[in-house]
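A.B. asks: Quick one: the structure is below, questions incoming.
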Amino acid sequence: MRVMAQVAMVMNLDKCIGCHTCSVTCKQTWTNRDGVEYVWFNNVETKPGVGYPKRYEDQDRWHGGWQLDRRGRLKLRAGGRVKRLLNLFSNPDLADLDDYYEPATYDYDTLINAPAGPHTPVIRPKSAITGRDMAITWGANWEDDLGGAPEHAPADPVLAAMAEKVKMEFDKTFMFHLPRICEHCLNPACVAACPSGAMYKREEDGIVLVDQNRCRGWRMCVSSCPYKKVYVNHRTGKAEKCTFCFPRIEAGQPTVCAETCVGRLRYLGLILYDADAVLEAARVPDPRDLLEAQRRVFLDPSDPEVVEAARAAGISEDWIAAAQRSPIYRLAMRYRVALPLHPEYRTLPMVWYIPPLSPVLDAVTGVGADADDPDNVFHAITDLRIPLEYLAGLFSAGDTEVVAGVLMKLSAMRAYMRARTVDGTVAEDLLESVGMTAAEMEELYRLLAIAKYDERYVVPAAHREDAAALSAQADGCSLDGDGGPGMSDFHPAGVTGRRTDGRLGLKIFVRDGGTA
Amino acid sequence: MNELRSGNLRFAAEDPGDPANFPRVLTVWRANLLGSSGKGNEYFLRHLLGADAETRNQEGLRPAEVTWREEAAEGKLDLLTAIDFRMTSTALFSDVVLPAATWYEKHDLSSTDMHPFVHAFNPAIAPPWQTRSDYDTFLSLADRFSALAADHLGRRTDVLAVPLAHDTPDELAQPGGRVRDWKHGECEPVPGRTMPRIVAIERDYAAVGERMRSIGPLFAELGLTTKAVTYRVGPELDYLADKNGTTGEGRVSLATADRMCEAILALSGTTNGRLSTQGFETLEKRTGTRLADLAAEHEGRRITFADTQSRPQPVITSPEWSGSETGGRRYSAFVINVERDKPWHTLTGRQQFFLDHDWIIELGEQLPAYRPPLNMRRHYGEQRDGADGDGGAEVTVRYLTPHSKWSIHSEYQDNAYMLALSRGGPTIWMSVEDARAIGVADNDWIEAYNRNGVVVARAIVSHRMPAGTVYMYHAKDRNVNVPLTERSGRRGGVHNSLTRLLLKPSHLIGGYAQFTYAFNYYGPTGNQRDEITVIRRRAQEVTY
């Protein structure tokens with residue numbers, strides 16, 4: 001057992017109202033500059049929908065993530081080293097600007113300086129790339145609240161793969177919002193695909209970053225990331241991505257997206273995992289087994305053996321204590337209500353989601369039934385295949401049993417708390433139906449409904465004794481530098497004194513140039 | 001009264017088209033009257049400003065008691081001033097734009113009944129360039145006004161018609177909800193009973209600027225009254241004199257915004273435990289129920305401006321509101337009425353569902369009942385006029401202007417990020433069925449018109465919309481990506497270009513218990529929710 005710690009996130013999708021505050025504050029912090037106008041480290045999609053960039057989930061097209069070869073070995077979908085080398089100068093799997101969108105700006109001065117004329121002055125869109133007049137035909141959130149869905153959503157790869165066809169009709173409407181950041185995977189395809197060794201996963205907290213000094217702009221990370229969460233700065237030509245707000249994480253603070261989340265749907269905390277078990281988990285044959293395989297990689301932070309091994313691995317006492325308080329561990333492991341996004345990509349993502357009950361409730365209301373009645377909801381979960389199959393396509397490699405189990409728990413929790421609050425009764429049948437005790441139900445409720453800041457964000461600060469090597473502090477403000485905020489010249493000497501090469505903590509994942 | 005009775009003297013509202021009755025000066029302070037909130041935008045443009053407008057409404061009905069002029073006045077205003085930090089449509093149309101400091105460049109307070117906190121605004125930087133805080137802007141205006149007024153207005157007595165006011169004996173003006181009109185000889189004109197109060201007030205116009213800078217003598221003499229509870233504020237005035245300093249006449253200084261914030265906090269029961277306790281004690285005598293304990297836990301507490309600057313401060317339960325924050329409870333309206341039997345501010349003192357006012361009876365609304373939307377086709381006729389002549393398909397639909405996810409009223413959302421996260425300009429949401437009927441695909445340019453105006457927008461086609469209804473969300477200004485209309489060749493309008501202010505007659509009831517006017521609480525409101533519009537696909541090449 002080789003214990004490592006990773007900062008991970010869970011998002012409770014029933015609470016996301018699609019306000020995009022996370023996107024705006026993230027952009028203001030990290031990508032508010034030339035070259036990354038089109039880049040949203042954090043974006044929020046309306047589902048069903050093709051997302052941003054368009055159809056990013058279509059790995060037949062983009063060849064992102066991993067797959068098993070005939071001998072059961074894990075290989076990048078982008079191909080082996082030779083194939084990737086041959087494509088180095090013209091990568092066929094790269095999304096172009098139209099797959100994202102052409103960013104616009106406006107001729108704001110017109111409103112101040114327009115000469116007298118017959119019409120009130122107006123600002124019109126200009127391409128932020130060429131400066132020329134443009135018509136806006138796509139955007140980072142084009143499908144907001146199902147806008148244009150009848151035309152575009154059928155191309156949603158998850159929807160298209162469903163056995164039962166979804167009708168885009170008013171009384172069959174269901175939707176939810178899906179906020180997305182980098183998954184900071186345990187088995188990151190971007191890191192494996194980088195020919196320059198510029199992408200790395202930090203040893204002490206698992207955050208995946210780009211070394212701007214090493215990046216040569218080959219963009220293999222962009223195509224290999226199945227979530228399309230590595231971007232190209234078209235001015236520097238280098239890769240940039242969500243940093244998990246590492247300067248804040250190092251200071252024990254939540255990421256900007258989490259800090260500013262209006263719906264309080266984000267949770268941050270540590271996961272202790274066995275680094276030696278990662279590879280085996282990523283290559284279980286059946287994609288539907290990947291969820292359980294990844295859960296087996298996670299270690300119980302209260303298990304004395306794990307604690308002993310963590311100490312032996314140099315993980316400090318306060319980090320172990322934080323792992324024991326981790327809301328991520330409780331949501332993903334103890335209550336098993338959080339699920340990974342697209343586990344079938346085999347990257348073992350570390351931003352998990354509690355699937356939303358709202359599409360099911362929409363369906364119940366759509367057939368004219370009372371969505372407050374747990375019986376109706378239970379029946380809908382098992383009978384109405386459409387929302388369930390769709391959610392399973394996102395969160396459980398198509399296994400509807402898994403998603404149904406989570407939705408049952410969420411629905412039981414609502415009904416249980418409703419009974420307790422309204423008539424003061426304890427609904428034993430509900431507890432029994434989901435195999436939980438009253439205390440567990442109360443704790444899950446507290447975690448999901450009323451957890452305050454310090455319960456939602458359990459982030460231990462980086463250690464003072466490592467501070468000399470933390471370049472974000474040694475080099476002054478992490479927002480300095482030509483390449484932009486935090487993206488240049490960080491970590492010249494590595495993040496901790498323990499690492500020698502300053503980059504990849506988990507070399508095992510790129511052995512044999514992508515074949516592990 | 002004799003002049004009124006004889007008809008020699010009339011209310012301005014009886015002849016709004018008389019140039020003597022025009023409003024001449026309008027100052028818009030951090031609002032967007034002409035870009036978002038003005039219901040009937042095109043009427044504002046034509047009649048207030050004398051600008052080009054798209055309305056082609058032909059009024060059919062004539063009022064009986066208001067003088068009708070065939071040519072409605074246009075361009076009534078002499079001066080439109082906007083105080084803002086954005087170049088809104090209102091600012092574009094203004095004669096003068098006074099640049100305003102933002103939230104992070106001034107001292108101010110913020111509170112609401114939506115959460116139990118009072119917040120401070122603090123300047124992170126001084127107001128940049130020529131901007132000033134609202135407080136300083138109004139002080140400057142007052143000073144200049146006062147200097148000019150010394151010659152032109154001086155000291156004089158104004159006579160005001162004051163509406164019958166909520167939470168005063170005016171609520172008893174119409175016993176039984178019987179409306180008698182003195183103009184029809186049904187009763188005598190009695191100010192405060194059968195007509196507005198008539199109040200004579202002495203104004204010293206040359207002293208307006210100076211008086212804005214201090215608390216006048218009436219606070220000490222009369223106290224402060226909210227919802228019929230009068231608060232005696234002698235100790236608070238002494239405290240403020242000490243804290244804020246005084247003018248030469250010994251009055252509490254309000255010379256700066258932070259002093260004003262201090263005064264507001266000291267004079268409200270929600271931030272001063274002594275006053276909330278005092279108010280509840282007054283109410284206890286009136287209601288005979290126990291109330292003062294709600295504020296007792298904070299009787300000695302006074303929230304200062306410095307407190308709010310250090311962090312948002314939870315407020316104190318006070319009779320100025322109807323909820324309870326006692327013991328850290330979260331605010332919910334009417335908790336005190338429900339739990340402490342404080343009478344509701346209604347005719348019966350209870351929650352009241354039966355209403356027996358004459359006009360309510362006439363409208364058949366004595367009990368809460370569903371009322372269907374107004375049938376606008378019936379009232380205003382078919383809106384299609386075939387004026388475009390190209391025979392293109394058109395569809396007539398219900399037109400709604402709801403609040404968006406991101407803004408209400410004049411709040412804006414068209415900053416660079418939000419434009420990138422939306423479709424970068426004006427949009428109308430429509431159903432698949434309606435879009436199909438006129439051959440519109442998602443993101444096509446469309447035009448929407450009715451008797452009130454014309455809008456050019458991109459169509460957002462979604463199955464989330466029911467057939468027959470379209471949305472144009474609130475508060476998209478006309479200055480971002482709005483092309484010229486095909487229909488008139490002029491700039492397309494805002495969401496309120498297709499609306500017009502409609503008053504519901506029952507909202508005009510006054511002087512009868514809970515149906516009595518209170519500023520920003522109860523009175524006639526504009527109702528623009530029932531509207532229809534014609535939509536057509538337009539040429540996809542647009543010009544600006």
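Labels for the structure tokens follow display order: chains A, B, ..., residues from 1 in each chain, ligands from 1.
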I'd like the contact shell of Pro121 (chain A) - 12 Å cut-off, only C-alpha atoms, skipping same-chain residues fewer than 6 positions apart - returned as a ChimeraX atom specification.
C.D. replies: /A:107-115 /B:87-89,91-93,477-484,490-492,544
A.B. asks: Could you give me, as CSV, a per-residue list for chain A showing, wherever an atom lies at most 9 Å from an atom of chain B, the closest pair of atoms and their distance in Å to one decimal, using only C-alpha atoms and sorting by chain then residue number from low to high?
C.D. replies:
```
residue,atom,partner,partner_atom,distance
A:Ile17,CA,B:Lys405,CA,8.7
A:Gly18,CA,B:Lys405,CA,8.4
A:Cys19,CA,B:Lys405,CA,6.8
A:His20,CA,B:Leu421,CA,8.2
A:Ser23,CA,B:Tyr417,CA,8.9
A:Val24,CA,B:Tyr417,CA,6.5
A:Lys27,CA,B:Tyr417,CA,8.3
A:Gln28,CA,B:Tyr417,CA,8.7
A:Tyr38,CA,B:Ala420,CA,8.9
A:Pro103,CA,B:Ala420,CA,7.2
A:Ala104,CA,B:Ala420,CA,7.2
A:Thr105,CA,B:Ala416,CA,7.3
A:Tyr106,CA,B:Val480,CA,8.2
A:Leu111,CA,B:Met87,CA,6.8
A:Ile112,CA,B:Met87,CA,7.6
A:Pro118,CA,B:Arg490,CA,8.2
A:His119,CA,B:Arg491,CA,6.1
A:Thr120,CA,B:Arg491,CA,6.8
A:Pro121,CA,B:Asn479,CA,6.5
A:Val122,CA,B:Asn479,CA,4.3
A:Ile123,CA,B:Val480,CA,5.0
A:Arg124,CA,B:Asn481,CA,4.6
A:Pro125,CA,B:Asn481,CA,6.6
A:Ile136,CA,B:Arg423,CA,6.9
A:Thr137,CA,B:Asn443,CA,7.1
A:Trp138,CA,B:Arg423,CA,7.4
A:Gly139,CA,B:Ala420,CA,6.4
A:Ala140,CA,B:Leu421,CA,5.7
A:Asn141,CA,B:Leu421,CA,5.0
A:Trp142,CA,B:Ser422,CA,6.3
A:Glu143,CA,B:Ser422,CA,8.7
A:Asp144,CA,B:Ser422,CA,7.4
A:Asp145,CA,B:Arg464,CA,8.0
A:Leu146,CA,B:Ser462,CA,6.1
A:Gly147,CA,B:Ser462,CA,5.1
A:Gly148,CA,B:Val461,CA,4.9
A:Ala149,CA,B:Ser462,CA,5.8
A:Pro150,CA,B:Ser462,CA,6.1
A:Glu151,CA,B:Asp442,CA,7.1
A:Met168,CA,B:His463,CA,5.8
A:Glu169,CA,B:His463,CA,5.3
A:Phe170,CA,B:His463,CA,4.9
A:Asp171,CA,B:Arg464,CA,8.4
A:Lys172,CA,B:His463,CA,8.8
A:Thr173,CA,B:Arg464,CA,6.4
A:Phe174,CA,B:Arg464,CA,8.7
```
A.B. asks: Quick one: write out the picked residues with N, CA and C atoms as a CSV table (one decimal), in the first residue's frame?
C.D. replies:
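Listing of part-v3.csv after writing:
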```csv
chain,number,residue,atom,x,y,z
A,17,ILE,N,-28.3,25.9,-9.8
A,17,ILE,CA,-29.4,26.6,-10.5
A,17,ILE,C,-28.9,27.2,-11.8
A,18,GLY,N,-27.7,26.9,-12.2
A,18,GLY,CA,-27.2,27.3,-13.5
A,18,GLY,C,-26.9,28.8,-13.5
A,19,CYS,N,-26.5,29.4,-12.4
A,19,CYS,CA,-26.3,30.8,-12.4
A,19,CYS,C,-24.9,31.3,-13.0
A,20,HIS,N,-24.0,30.3,-13.1
A,20,HIS,CA,-22.7,30.6,-13.7
A,20,HIS,C,-21.8,31.5,-12.9
A,23,SER,N,-18.4,30.1,-13.1
A,23,SER,CA,-17.7,30.4,-14.3
A,23,SER,C,-17.1,31.8,-14.4
A,24,VAL,N,-18.0,32.7,-13.9
A,24,VAL,CA,-17.5,34.1,-14.0
A,24,VAL,C,-16.4,34.4,-13.0
A,27,LYS,N,-13.3,32.7,-14.4
A,27,LYS,CA,-12.7,33.4,-15.5
A,27,LYS,C,-12.0,34.7,-15.1
A,28,GLN,N,-12.7,35.4,-14.2
A,28,GLN,CA,-12.1,36.7,-13.7
A,28,GLN,C,-10.8,36.4,-13.0
A,38,TYR,N,-11.6,32.4,-25.1
A,38,TYR,CA,-12.6,31.4,-25.3
A,38,TYR,C,-12.5,30.3,-24.2
A,103,PRO,N,-14.9,33.9,-29.7
A,103,PRO,CA,-15.2,34.9,-28.7
A,103,PRO,C,-15.4,36.3,-29.3
A,104,ALA,N,-16.4,37.0,-28.7
A,104,ALA,CA,-16.7,38.3,-29.2
A,104,ALA,C,-16.3,39.4,-28.2
A,105,THR,N,-16.0,40.6,-28.7
A,105,THR,CA,-16.0,41.7,-27.8
A,105,THR,C,-16.9,42.8,-28.5
A,106,TYR,N,-16.9,43.9,-28.0
A,106,TYR,CA,-17.8,45.0,-28.5
A,106,TYR,C,-17.0,46.3,-28.6
A,111,LEU,N,-20.4,53.9,-27.6
A,111,LEU,CA,-21.5,54.5,-26.8
A,111,LEU,C,-21.1,55.9,-26.2
A,112,ILE,N,-19.8,56.1,-26.1
A,112,ILE,CA,-19.3,57.4,-25.6
A,112,ILE,C,-19.1,58.4,-26.7
A,118,PRO,N,-29.0,59.6,-36.8
A,118,PRO,CA,-30.5,59.4,-36.7
A,118,PRO,C,-30.8,58.3,-35.7
A,119,HIS,N,-29.9,57.5,-35.3
A,119,HIS,CA,-30.3,56.3,-34.5
A,119,HIS,C,-29.5,56.4,-33.2
A,120,THR,N,-30.0,55.8,-32.1
A,120,THR,CA,-29.2,55.8,-30.9
A,120,THR,C,-28.0,54.9,-31.1
A,121,PRO,N,-26.9,55.2,-30.5
A,121,PRO,CA,-25.7,54.4,-30.7
A,121,PRO,C,-25.9,53.0,-30.2
A,122,VAL,N,-25.2,52.0,-30.8
A,122,VAL,CA,-25.2,50.7,-30.3
A,122,VAL,C,-23.9,50.1,-30.5
A,123,ILE,N,-23.5,49.2,-29.6
A,123,ILE,CA,-22.3,48.4,-29.8
A,123,ILE,C,-22.6,47.1,-30.4
A,124,ARG,N,-21.7,46.7,-31.3
A,124,ARG,CA,-22.0,45.4,-32.1
A,124,ARG,C,-20.8,44.5,-31.9
A,125,PRO,N,-21.1,43.2,-32.0
A,125,PRO,CA,-20.0,42.2,-31.8
A,125,PRO,C,-18.9,42.3,-32.7
A,136,ILE,N,-22.8,36.4,-33.8
A,136,ILE,CA,-22.6,35.4,-32.8
A,136,ILE,C,-23.5,34.2,-33.1
A,137,THR,N,-22.9,33.1,-33.3
A,137,THR,CA,-23.6,31.9,-33.7
A,137,THR,C,-23.4,30.7,-32.7
A,138,TRP,N,-22.5,30.8,-31.8
A,138,TRP,CA,-22.3,29.8,-30.7
A,138,TRP,C,-21.6,30.4,-29.6
A,139,GLY,N,-21.6,29.7,-28.4
A,139,GLY,CA,-21.0,30.3,-27.2
A,139,GLY,C,-20.7,29.3,-26.2
A,140,ALA,N,-20.1,29.7,-25.1
A,140,ALA,CA,-19.7,28.8,-24.1
A,140,ALA,C,-20.9,28.2,-23.3
A,141,ASN,N,-22.0,28.8,-23.5
A,141,ASN,CA,-23.2,28.4,-22.8
A,141,ASN,C,-24.4,28.5,-23.7
A,142,TRP,N,-24.3,28.1,-24.9
A,142,TRP,CA,-25.3,28.4,-26.0
A,142,TRP,C,-26.6,27.7,-25.6
A,143,GLU,N,-26.5,26.6,-24.9
A,143,GLU,CA,-27.7,25.8,-24.7
A,143,GLU,C,-28.4,26.1,-23.3
A,144,ASP,N,-28.1,27.3,-22.8
A,144,ASP,CA,-28.6,27.6,-21.4
A,144,ASP,C,-30.1,27.3,-21.3
A,145,ASP,N,-30.4,26.5,-20.3
A,145,ASP,CA,-31.9,26.2,-20.0
A,145,ASP,C,-32.6,25.7,-21.3
A,146,LEU,N,-31.9,24.8,-22.0
A,146,LEU,CA,-32.4,24.1,-23.2
A,146,LEU,C,-32.7,25.1,-24.4
A,147,GLY,N,-32.0,26.2,-24.4
A,147,GLY,CA,-32.2,27.1,-25.6
A,147,GLY,C,-31.6,26.4,-26.8
A,148,GLY,N,-32.4,26.3,-27.9
A,148,GLY,CA,-31.9,25.6,-29.1
A,148,GLY,C,-31.9,24.1,-29.0
A,149,ALA,N,-32.4,23.6,-27.9
A,149,ALA,CA,-32.2,22.1,-27.7
A,149,ALA,C,-32.9,21.3,-28.8
A,150,PRO,N,-34.1,21.7,-29.2
A,150,PRO,CA,-34.7,20.8,-30.3
A,150,PRO,C,-33.8,20.6,-31.5
A,151,GLU,N,-33.0,21.6,-31.8
A,151,GLU,CA,-32.1,21.6,-32.9
A,151,GLU,C,-30.8,20.9,-32.6
A,168,MET,N,-38.2,15.9,-27.8
A,168,MET,CA,-38.0,17.3,-27.4
A,168,MET,C,-39.4,18.0,-27.4
A,169,GLU,N,-40.2,17.6,-26.4
A,169,GLU,CA,-41.6,18.1,-26.3
A,169,GLU,C,-41.8,18.8,-25.0
A,170,PHE,N,-42.7,19.8,-25.0
A,170,PHE,CA,-42.9,20.6,-23.8
A,170,PHE,C,-43.2,19.8,-22.6
A,171,ASP,N,-44.1,18.9,-22.7
A,171,ASP,CA,-44.5,18.1,-21.5
A,171,ASP,C,-43.6,16.9,-21.2
A,172,LYS,N,-42.6,16.8,-22.0
A,172,LYS,CA,-41.6,15.7,-21.6
A,172,LYS,C,-40.2,16.4,-21.3
A,173,THR,N,-40.3,17.6,-21.0
A,173,THR,CA,-39.0,18.3,-20.7
A,173,THR,C,-38.4,17.9,-19.4
A,174,PHE,N,-37.1,17.6,-19.5
A,174,PHE,CA,-36.3,17.5,-18.3
A,174,PHE,C,-34.9,18.1,-18.5
```
A.B. asks: Select, from A:Asn42, A:Tyr101, A:Tyr453, A:Lys165, the residue with the minimum atom-to-atom distance to Ala135 (chain A), counting only C-alpha atoms.
C.D. replies: A:Tyr101
A.B. asks: Go through region 231-362 of chain B and collect every residue that DSSP, computed from the backbone, puts in helix (DSSP H, G or I); the answer should be as an MDAnalysis selection string.
C.D. replies: chainID B and resid 234:244 257:266 273:287 293:296 305:310 326:328 335:340 358:362
A.B. asks: The selected residues should be written to file as a tab-separated table (two decimals), in the first residue's frame (atoms: C-alpha atoms).
C.D. replies:
```
chain	number	residue	atom	x	y	z
B	234	GLY	CA	-33.87	61.94	22.25
B	235	PRO	CA	-30.99	59.77	23.51
B	236	GLU	CA	-30.16	58.75	19.94
B	237	LEU	CA	-29.87	62.40	18.88
B	238	ASP	CA	-27.52	63.06	21.81
B	239	TYR	CA	-25.48	60.03	20.85
B	240	LEU	CA	-25.32	61.14	17.22
B	241	ALA	CA	-24.37	64.69	18.16
B	242	ASP	CA	-21.43	63.18	19.97
B	243	LYS	CA	-20.57	60.66	17.26
B	244	ASN	CA	-21.12	62.76	14.14
B	257	ALA	CA	-22.20	59.57	3.69
B	258	ASP	CA	-20.68	57.68	6.59
B	259	ARG	CA	-22.32	60.06	9.07
B	260	MET	CA	-25.63	59.48	7.32
B	261	CYS	CA	-25.08	55.71	7.63
B	262	GLU	CA	-24.39	56.19	11.35
B	263	ALA	CA	-27.62	58.15	11.76
B	264	ILE	CA	-29.70	55.55	9.92
B	265	LEU	CA	-28.33	52.77	12.11
B	266	ALA	CA	-28.87	54.74	15.32
B	273	GLY	CA	-32.03	47.60	20.64
B	274	ARG	CA	-33.25	50.46	22.78
B	275	LEU	CA	-35.58	51.64	20.03
B	276	SER	CA	-36.91	48.20	19.11
B	277	THR	CA	-37.66	47.54	22.80
B	278	GLN	CA	-39.31	50.93	23.11
B	279	GLY	CA	-41.40	50.23	19.98
B	280	PHE	CA	-42.54	46.85	21.28
B	281	GLU	CA	-43.45	48.39	24.62
B	282	THR	CA	-45.60	50.91	22.79
B	283	LEU	CA	-47.21	48.08	20.84
B	284	GLU	CA	-47.76	46.04	24.00
B	285	LYS	CA	-49.90	48.84	25.44
B	286	ARG	CA	-51.92	48.93	22.23
B	287	THR	CA	-52.34	45.20	21.68
B	293	ASP	CA	-39.23	40.17	25.08
B	294	LEU	CA	-38.59	39.75	21.34
B	295	ALA	CA	-36.08	42.60	21.51
B	296	ALA	CA	-35.01	42.24	25.13
B	305	PHE	CA	-21.35	51.79	11.09
B	306	ALA	CA	-17.94	50.50	12.18
B	307	ASP	CA	-19.63	47.22	13.19
B	308	THR	CA	-21.14	46.83	9.73
B	309	GLN	CA	-17.79	47.63	8.18
B	310	SER	CA	-16.11	44.84	10.10
B	326	THR	CA	-35.02	36.53	18.14
B	327	GLY	CA	-32.64	33.82	19.30
B	328	GLY	CA	-30.94	33.66	15.92
B	335	VAL	CA	-44.28	35.67	12.48
B	336	ILE	CA	-45.18	38.26	15.13
B	337	ASN	CA	-48.79	38.41	13.91
B	338	VAL	CA	-49.13	34.65	13.94
B	339	GLU	CA	-47.28	33.82	17.15
B	340	ARG	CA	-47.96	36.89	19.28
B	358	ASP	CA	-67.59	48.81	-3.89
B	359	TRP	CA	-65.13	48.48	-6.72
B	360	ILE	CA	-63.98	45.03	-5.69
B	361	ILE	CA	-67.60	43.94	-5.70
B	362	GLU	CA	-68.07	45.46	-9.15
```
A.B. asks: Can you check which residues of region 203-437 of chain B DSSP gives as strand (DSSP E) on the backbone and send them as a ChimeraX atom specification?
C.D. replies: /B:203-204,224-226,229-231,313-314,394-400,427-430
A.B. asks: Restricting it to C-alpha atoms, dump the selection as an mmCIF file, in the first residue's frame.
C.D. replies:
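The resulting file, again21.cif, is shown below:
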```
data_model
loop_
_atom_site.group_PDB
_atom_site.id
_atom_site.type_symbol
_atom_site.label_atom_id
_atom_site.label_comp_id
_atom_site.auth_asym_id
_atom_site.auth_seq_id
_atom_site.Cartn_x
_atom_site.Cartn_y
_atom_site.Cartn_z
ATOM 1 C CA ARG B 203 -40.201 75.678 2.281
ATOM 2 C CA ASP B 204 -36.927 77.527 2.510
ATOM 3 C CA LEU B 224 -40.090 58.970 14.190
ATOM 4 C CA THR B 225 -43.151 57.000 13.156
ATOM 5 C CA THR B 226 -43.142 53.691 11.314
ATOM 6 C CA VAL B 229 -45.512 53.244 16.143
ATOM 7 C CA THR B 230 -43.737 56.424 17.189
ATOM 8 C CA TYR B 231 -40.190 56.175 18.447
ATOM 9 C CA GLN B 313 -24.438 42.441 11.211
ATOM 10 C CA PRO B 314 -27.517 40.388 12.031
ATOM 11 C CA GLU B 394 -46.435 35.790 -39.024
ATOM 12 C CA VAL B 395 -47.633 34.365 -35.769
ATOM 13 C CA THR B 396 -49.467 36.172 -32.967
ATOM 14 C CA VAL B 397 -48.425 35.014 -29.517
ATOM 15 C CA ARG B 398 -48.658 35.891 -25.839
ATOM 16 C CA TYR B 399 -45.713 38.058 -24.901
ATOM 17 C CA LEU B 400 -44.229 37.798 -21.402
ATOM 18 C CA THR B 427 -33.210 37.268 -27.579
ATOM 19 C CA ILE B 428 -36.803 36.055 -27.572
ATOM 20 C CA TRP B 429 -37.589 32.518 -26.411
ATOM 21 C CA MET B 430 -40.179 30.739 -28.498
#
```
A.B. asks: Contacts of Thr243 (chain A) at 10 Å or less, counting only C-alpha atoms, minus same-chain residues fewer than 6 places along, as a PDB file with C-alpha atoms, in the first residue's frame?
C.D. replies:
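Printed below is out.pdb as written:
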```
ATOM      1  CA  TRP A  30      -7.656  32.803 -14.200  1.00  0.00           C
ATOM      2  CA  PHE A  41     -11.648  26.422 -16.825  1.00  0.00           C
ATOM      3  CA  ILE A 181     -13.833  21.783 -14.094  1.00  0.00           C
ATOM      4  CA  CYS A 182     -10.702  19.687 -14.618  1.00  0.00           C
ATOM      5  CA  HIS A 184      -7.638  16.109 -11.673  1.00  0.00           C
ATOM      6  CA  ILE A 207      -3.566  18.636  -8.596  1.00  0.00           C
ATOM      7  CA  VAL A 208      -2.787  18.360 -12.330  1.00  0.00           C
ATOM      8  CA  LEU A 209      -0.843  21.318 -13.691  1.00  0.00           C
ATOM      9  CA  VAL A 210       1.060  22.506 -16.775  1.00  0.00           C
ATOM     10  CA  ILE A 249      -5.723  25.175  -1.697  1.00  0.00           C
ATOM     11  CA  THR A 255     -11.249  26.971  -4.890  1.00  0.00           C
ATOM     12  CA  GLY A 486      -0.404  31.835 -11.946  1.00  0.00           C
ATOM     13  CA  MET A 487       0.496  30.109 -15.155  1.00  0.00           C
TER      14      MET A 487
END
```
A.B. asks: Nearest to Cys190 (chain A) among A:Glu308, A:Glu204, A:Glu240, A:Glu45, with distances taken over only C-alpha atoms: which residue is it?
C.D. replies: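 Among the listed residues, the smallest separation from Cys190 (chain A) belongs to A:Glu240.
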A.B. asks: Find, counting only C-alpha atoms, the residue in B:Val315, B:Val208, B:Ile532, B:Leu503 that gets nearest to Arg144 (chain B).
C.D. replies: B:Val208
